[in-house]
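So the structure is just underneath, and the comments pick up after that.
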Amino acid sequence: MASAARPITPDRTEKALGALALVMLALVVTAVLRGSADWDRLPPQVWVHLATICLPLALTPVILWSPRGTRRHRVLGYVWAACMAATAIDSFWIRSSDGRLGPIHILSATTLVLLVVLVVMARRHEVKHHRSTARGIIVGALLIAGFFTFPFNRLLGRWLLG
(Lines give C-alpha, C1' and ligand atoms only; values in the text may rest on other atoms or scores of the structure.)
Protein backbone atom coordinates (compact mmCIF):
# COMPACT_ATOMS: atom_id res chain seq x y z
CA MET A 1 0.00 0.00 0.00
CA ALA A 2 1.26 3.45 -0.83
CA SER A 3 2.06 5.81 1.98
CA ALA A 4 -0.17 8.86 2.35
CA ALA A 5 2.99 10.98 2.57
CA ARG A 6 4.41 9.72 -0.73
CA PRO A 7 1.67 8.81 -3.17
CA ILE A 8 2.81 6.66 -6.04
CA THR A 9 2.05 8.31 -9.33
CA PRO A 10 2.35 6.72 -12.75
CA ASP A 11 5.65 7.19 -14.50
CA ARG A 12 6.21 7.29 -18.26
CA THR A 13 6.49 3.53 -18.46
CA GLU A 14 3.16 3.01 -16.75
CA LYS A 15 1.49 5.63 -18.91
CA ALA A 16 2.85 3.86 -21.99
CA LEU A 17 1.81 0.41 -20.74
CA GLY A 18 -1.71 1.67 -20.10
CA ALA A 19 -1.91 3.18 -23.57
CA LEU A 20 -0.58 0.00 -25.18
CA ALA A 21 -3.16 -2.06 -23.28
CA LEU A 22 -5.88 0.17 -24.73
CA VAL A 23 -4.45 -0.26 -28.24
CA MET A 24 -4.40 -4.04 -27.75
CA LEU A 25 -7.99 -3.96 -26.48
CA ALA A 26 -9.05 -1.96 -29.55
CA LEU A 27 -7.34 -4.48 -31.85
CA VAL A 28 -8.97 -7.45 -30.10
CA VAL A 29 -12.44 -5.89 -30.15
CA THR A 30 -12.06 -4.88 -33.81
CA ALA A 31 -10.88 -8.37 -34.75
CA VAL A 32 -13.75 -10.04 -32.88
CA LEU A 33 -16.32 -7.77 -34.51
CA ARG A 34 -14.84 -8.36 -37.96
CA GLY A 35 -14.89 -12.12 -37.38
CA SER A 36 -18.61 -12.34 -36.65
CA ALA A 37 -19.17 -14.79 -39.52
CA ASP A 38 -17.09 -17.38 -37.64
CA TRP A 39 -18.53 -16.87 -34.17
CA ASP A 40 -20.73 -19.99 -34.25
CA ARG A 41 -17.70 -22.19 -35.03
CA LEU A 42 -15.64 -21.15 -32.00
CA PRO A 43 -15.44 -23.51 -29.03
CA PRO A 44 -16.55 -22.11 -25.66
CA GLN A 45 -13.01 -22.02 -24.25
CA VAL A 46 -11.98 -19.49 -26.91
CA TRP A 47 -14.90 -17.23 -25.93
CA VAL A 48 -13.94 -17.57 -22.26
CA HIS A 49 -10.36 -16.71 -23.17
CA LEU A 50 -11.38 -13.61 -25.13
CA ALA A 51 -13.82 -12.45 -22.44
CA THR A 52 -11.40 -12.92 -19.57
CA ILE A 53 -8.57 -11.06 -21.29
CA CYS A 54 -10.62 -8.03 -22.36
CA LEU A 55 -11.33 -6.92 -18.80
CA PRO A 56 -7.64 -6.83 -17.77
CA LEU A 57 -6.83 -4.95 -20.97
CA ALA A 58 -9.47 -2.36 -20.07
CA LEU A 59 -8.51 -2.23 -16.38
CA THR A 60 -4.75 -1.90 -16.91
CA PRO A 61 -4.78 1.84 -17.66
CA VAL A 62 -7.34 2.49 -14.93
CA ILE A 63 -5.15 0.73 -12.37
CA LEU A 64 -1.85 2.17 -13.60
CA TRP A 65 -3.05 5.74 -14.02
CA SER A 66 -5.05 6.02 -10.76
CA PRO A 67 -3.86 6.61 -7.19
CA ARG A 68 -2.23 3.56 -5.59
CA GLY A 69 -2.77 2.06 -2.18
CA THR A 70 -6.47 2.86 -2.19
CA ARG A 71 -9.34 0.47 -1.67
CA ARG A 72 -10.28 1.01 -5.32
CA HIS A 73 -6.78 0.05 -6.46
CA ARG A 74 -6.89 -3.13 -4.37
CA VAL A 75 -10.35 -4.17 -5.57
CA LEU A 76 -9.54 -3.50 -9.23
CA GLY A 77 -6.21 -5.26 -8.77
CA TYR A 78 -7.91 -8.39 -7.44
CA VAL A 79 -10.41 -8.34 -10.32
CA TRP A 80 -7.53 -7.86 -12.79
CA ALA A 81 -5.52 -10.72 -11.24
CA ALA A 82 -8.55 -13.05 -11.16
CA CYS A 83 -9.27 -12.41 -14.84
CA MET A 84 -5.62 -12.90 -15.75
CA ALA A 85 -5.62 -16.20 -13.82
CA ALA A 86 -8.82 -17.31 -15.56
CA THR A 87 -7.29 -16.46 -18.94
CA ALA A 88 -4.10 -18.38 -18.16
CA ILE A 89 -6.00 -21.42 -16.86
CA ASP A 90 -8.40 -21.40 -19.80
CA SER A 91 -5.46 -21.40 -22.22
CA PHE A 92 -4.66 -24.98 -21.21
CA TRP A 93 -7.88 -26.05 -22.95
CA ILE A 94 -6.93 -24.20 -26.14
CA ARG A 95 -4.48 -26.42 -27.96
CA SER A 96 -2.88 -26.84 -31.34
CA SER A 97 -4.70 -28.74 -34.08
CA ASP A 98 -2.96 -31.96 -33.01
CA GLY A 99 -4.18 -31.53 -29.42
CA ARG A 100 -0.84 -30.68 -27.84
CA LEU A 101 0.15 -27.78 -25.65
CA GLY A 102 2.39 -25.22 -27.30
CA PRO A 103 5.21 -22.94 -26.15
CA ILE A 104 2.67 -20.25 -25.22
CA HIS A 105 1.50 -22.49 -22.38
CA ILE A 106 4.85 -21.92 -20.65
CA LEU A 107 3.82 -18.27 -20.45
CA SER A 108 0.44 -19.31 -19.03
CA ALA A 109 2.10 -21.29 -16.24
CA THR A 110 4.57 -18.46 -15.59
CA THR A 111 1.69 -15.97 -15.43
CA LEU A 112 -0.06 -18.06 -12.78
CA VAL A 113 3.08 -18.12 -10.64
CA LEU A 114 3.69 -14.39 -11.10
CA LEU A 115 0.10 -13.56 -10.17
CA VAL A 116 0.67 -15.22 -6.80
CA VAL A 117 3.89 -13.22 -6.39
CA LEU A 118 2.02 -10.04 -7.38
CA VAL A 119 -0.63 -10.51 -4.70
CA VAL A 120 1.85 -11.59 -2.01
CA MET A 121 4.06 -8.56 -2.68
CA ALA A 122 1.05 -6.23 -2.50
CA ARG A 123 -0.16 -7.76 0.76
CA ARG A 124 3.33 -7.38 2.24
CA HIS A 125 3.42 -3.76 1.06
CA GLU A 126 6.57 -4.45 -0.95
CA VAL A 127 5.71 -1.75 -3.46
CA LYS A 128 8.89 -1.96 -5.54
CA HIS A 129 8.52 -5.71 -6.12
CA HIS A 130 4.76 -5.47 -6.63
CA ARG A 131 5.24 -2.73 -9.22
CA SER A 132 7.96 -4.57 -11.15
CA THR A 133 5.96 -7.82 -11.11
CA ALA A 134 2.86 -6.01 -12.38
CA ARG A 135 4.87 -4.43 -15.18
CA GLY A 136 6.34 -7.80 -16.11
CA ILE A 137 2.94 -9.46 -16.30
CA ILE A 138 1.55 -6.58 -18.36
CA VAL A 139 4.45 -6.67 -20.81
CA GLY A 140 4.69 -10.46 -21.09
CA ALA A 141 1.20 -11.83 -20.60
CA LEU A 142 -0.87 -8.95 -21.99
CA LEU A 143 1.20 -7.16 -24.60
CA ILE A 144 3.73 -9.65 -26.00
CA ALA A 145 1.38 -12.63 -25.81
CA GLY A 146 -1.40 -10.41 -27.16
CA PHE A 147 0.75 -9.32 -30.09
CA PHE A 148 1.43 -12.95 -31.02
CA THR A 149 -2.30 -13.65 -31.38
CA PHE A 150 -2.26 -11.67 -34.63
CA PRO A 151 0.52 -13.03 -36.92
CA PHE A 152 1.15 -16.57 -38.21
CA ASN A 153 -2.38 -17.08 -39.55
CA ARG A 154 -3.86 -17.10 -36.04
CA LEU A 155 -7.57 -16.48 -35.47
CA LEU A 156 -7.49 -12.83 -34.37
CA GLY A 157 -5.01 -11.96 -37.11
CA ARG A 158 -7.20 -13.57 -39.77
CA TRP A 159 -10.21 -11.70 -38.45
CA LEU A 160 -8.42 -8.37 -38.15
CA LEU A 161 -6.45 -8.44 -41.39
CA GLY A 162 -8.45 -10.90 -43.50
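Order determines the names: the first chain of the C-alpha coordinates is A, the second B, and so forth; residues in each chain are numbered 1 upward, and ligands are numbered 1 upward as they are shown.
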### Query
Quick one: residues within 7 Å of stretch 75-82 of chain A, only C-alpha atoms counted, chain neighbours fewer than 6 positions away excluded, as a PyMOL selection string?
chain A and resi 56+59+63+115
Using N, CA and C atoms, can you export the residues from the last selection as a PDB file, in the first residue's frame?
ATOM      1  N   PRO A  56      -8.957  -7.337 -18.184  1.00  0.00           N
ATOM      2  CA  PRO A  56      -7.639  -6.833 -17.770  1.00  0.00           C
ATOM      3  C   PRO A  56      -7.057  -5.795 -18.731  1.00  0.00           C
ATOM      4  N   LEU A  59      -8.839  -2.684 -17.737  1.00  0.00           N
ATOM      5  CA  LEU A  59      -8.511  -2.228 -16.380  1.00  0.00           C
ATOM      6  C   LEU A  59      -7.068  -1.763 -16.226  1.00  0.00           C
ATOM      7  N   ILE A  63      -5.958   1.069 -13.545  1.00  0.00           N
ATOM      8  CA  ILE A  63      -5.151   0.729 -12.368  1.00  0.00           C
ATOM      9  C   ILE A  63      -3.826   1.486 -12.380  1.00  0.00           C
ATOM     10  N   LEU A 115       1.285 -14.154 -10.793  1.00  0.00           N
ATOM     11  CA  LEU A 115       0.098 -13.556 -10.171  1.00  0.00           C
ATOM     12  C   LEU A 115       0.098 -13.786  -8.663  1.00  0.00           C
TER      13      LEU A 115
END
Residues of stretch 128-147 of chain A within 10 Å of stretch 24-48 of chain A: nearest atom pair and distance (Å, one decimal) for each, counting only C-alpha atoms, sorted by chain and number, as CSV?
residue,atom,partner,partner_atom,distance
A:Leu142,CA,A:Met24,CA,8.4
A:Leu143,CA,A:Met24,CA,7.1
A:Gly146,CA,A:Met24,CA,7.1
A:Phe147,CA,A:Met24,CA,7.7
Could the residues in this selection be written to a file with N, CA and C atoms, as a PDB file, in the first residue's frame?
ATOM      1  N   LEU A 142       0.142  -9.737 -21.268  1.00  0.00           N
ATOM      2  CA  LEU A 142      -0.871  -8.951 -21.985  1.00  0.00           C
ATOM      3  C   LEU A 142      -0.367  -8.490 -23.347  1.00  0.00           C
ATOM      4  N   LEU A 143       0.766  -7.824 -23.370  1.00  0.00           N
ATOM      5  CA  LEU A 143       1.197  -7.165 -24.603  1.00  0.00           C
ATOM      6  C   LEU A 143       1.943  -8.092 -25.554  1.00  0.00           C
ATOM      7  N   GLY A 146      -0.318 -10.981 -26.353  1.00  0.00           N
ATOM      8  CA  GLY A 146      -1.397 -10.414 -27.163  1.00  0.00           C
ATOM      9  C   GLY A 146      -0.961 -10.140 -28.590  1.00  0.00           C
ATOM     10  N   PHE A 147       0.233  -9.586 -28.746  1.00  0.00           N
ATOM     11  CA  PHE A 147       0.751  -9.322 -30.087  1.00  0.00           C
ATOM     12  C   PHE A 147       0.812 -10.608 -30.907  1.00  0.00           C
TER      13      PHE A 147
END
### Query
Counting only C-alpha atoms, what is within 6 Å of stretch 12-23 of chain A, bar same-chain residues fewer than 2 positions away, as a ChimeraX atom specification?
/A:10,25-26,57,60-61,64
### Task
Select from chain A everything DSSP, run on the backbone, classes as helix (DSSP H, G or I), then give the selection as number ranges by chain.
A: 12-34, 36-41, 44-65, 71-91, 104-123, 127-147, 155-161
### Message
Under the rule that only C-alpha atoms are counted, which of A:Ala134, A:Arg123, A:His49, A:Gly69 is the nearest residue to A:Trp93?
### Response
A:His49
### Exercise: A:Pro103 partners within 12 Å, only C-alpha atoms, chain neighbours under 6 positions left out, as a count of residues only
8
### Task
Would you mind reading off the distance between atom CA of A:Ile137 and atom CA of A:Leu160, one decimal, in Å?
24.6 Å
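One finds atom CA of A:Ile144 at 17.6 Å from atom CA of A:Val113.
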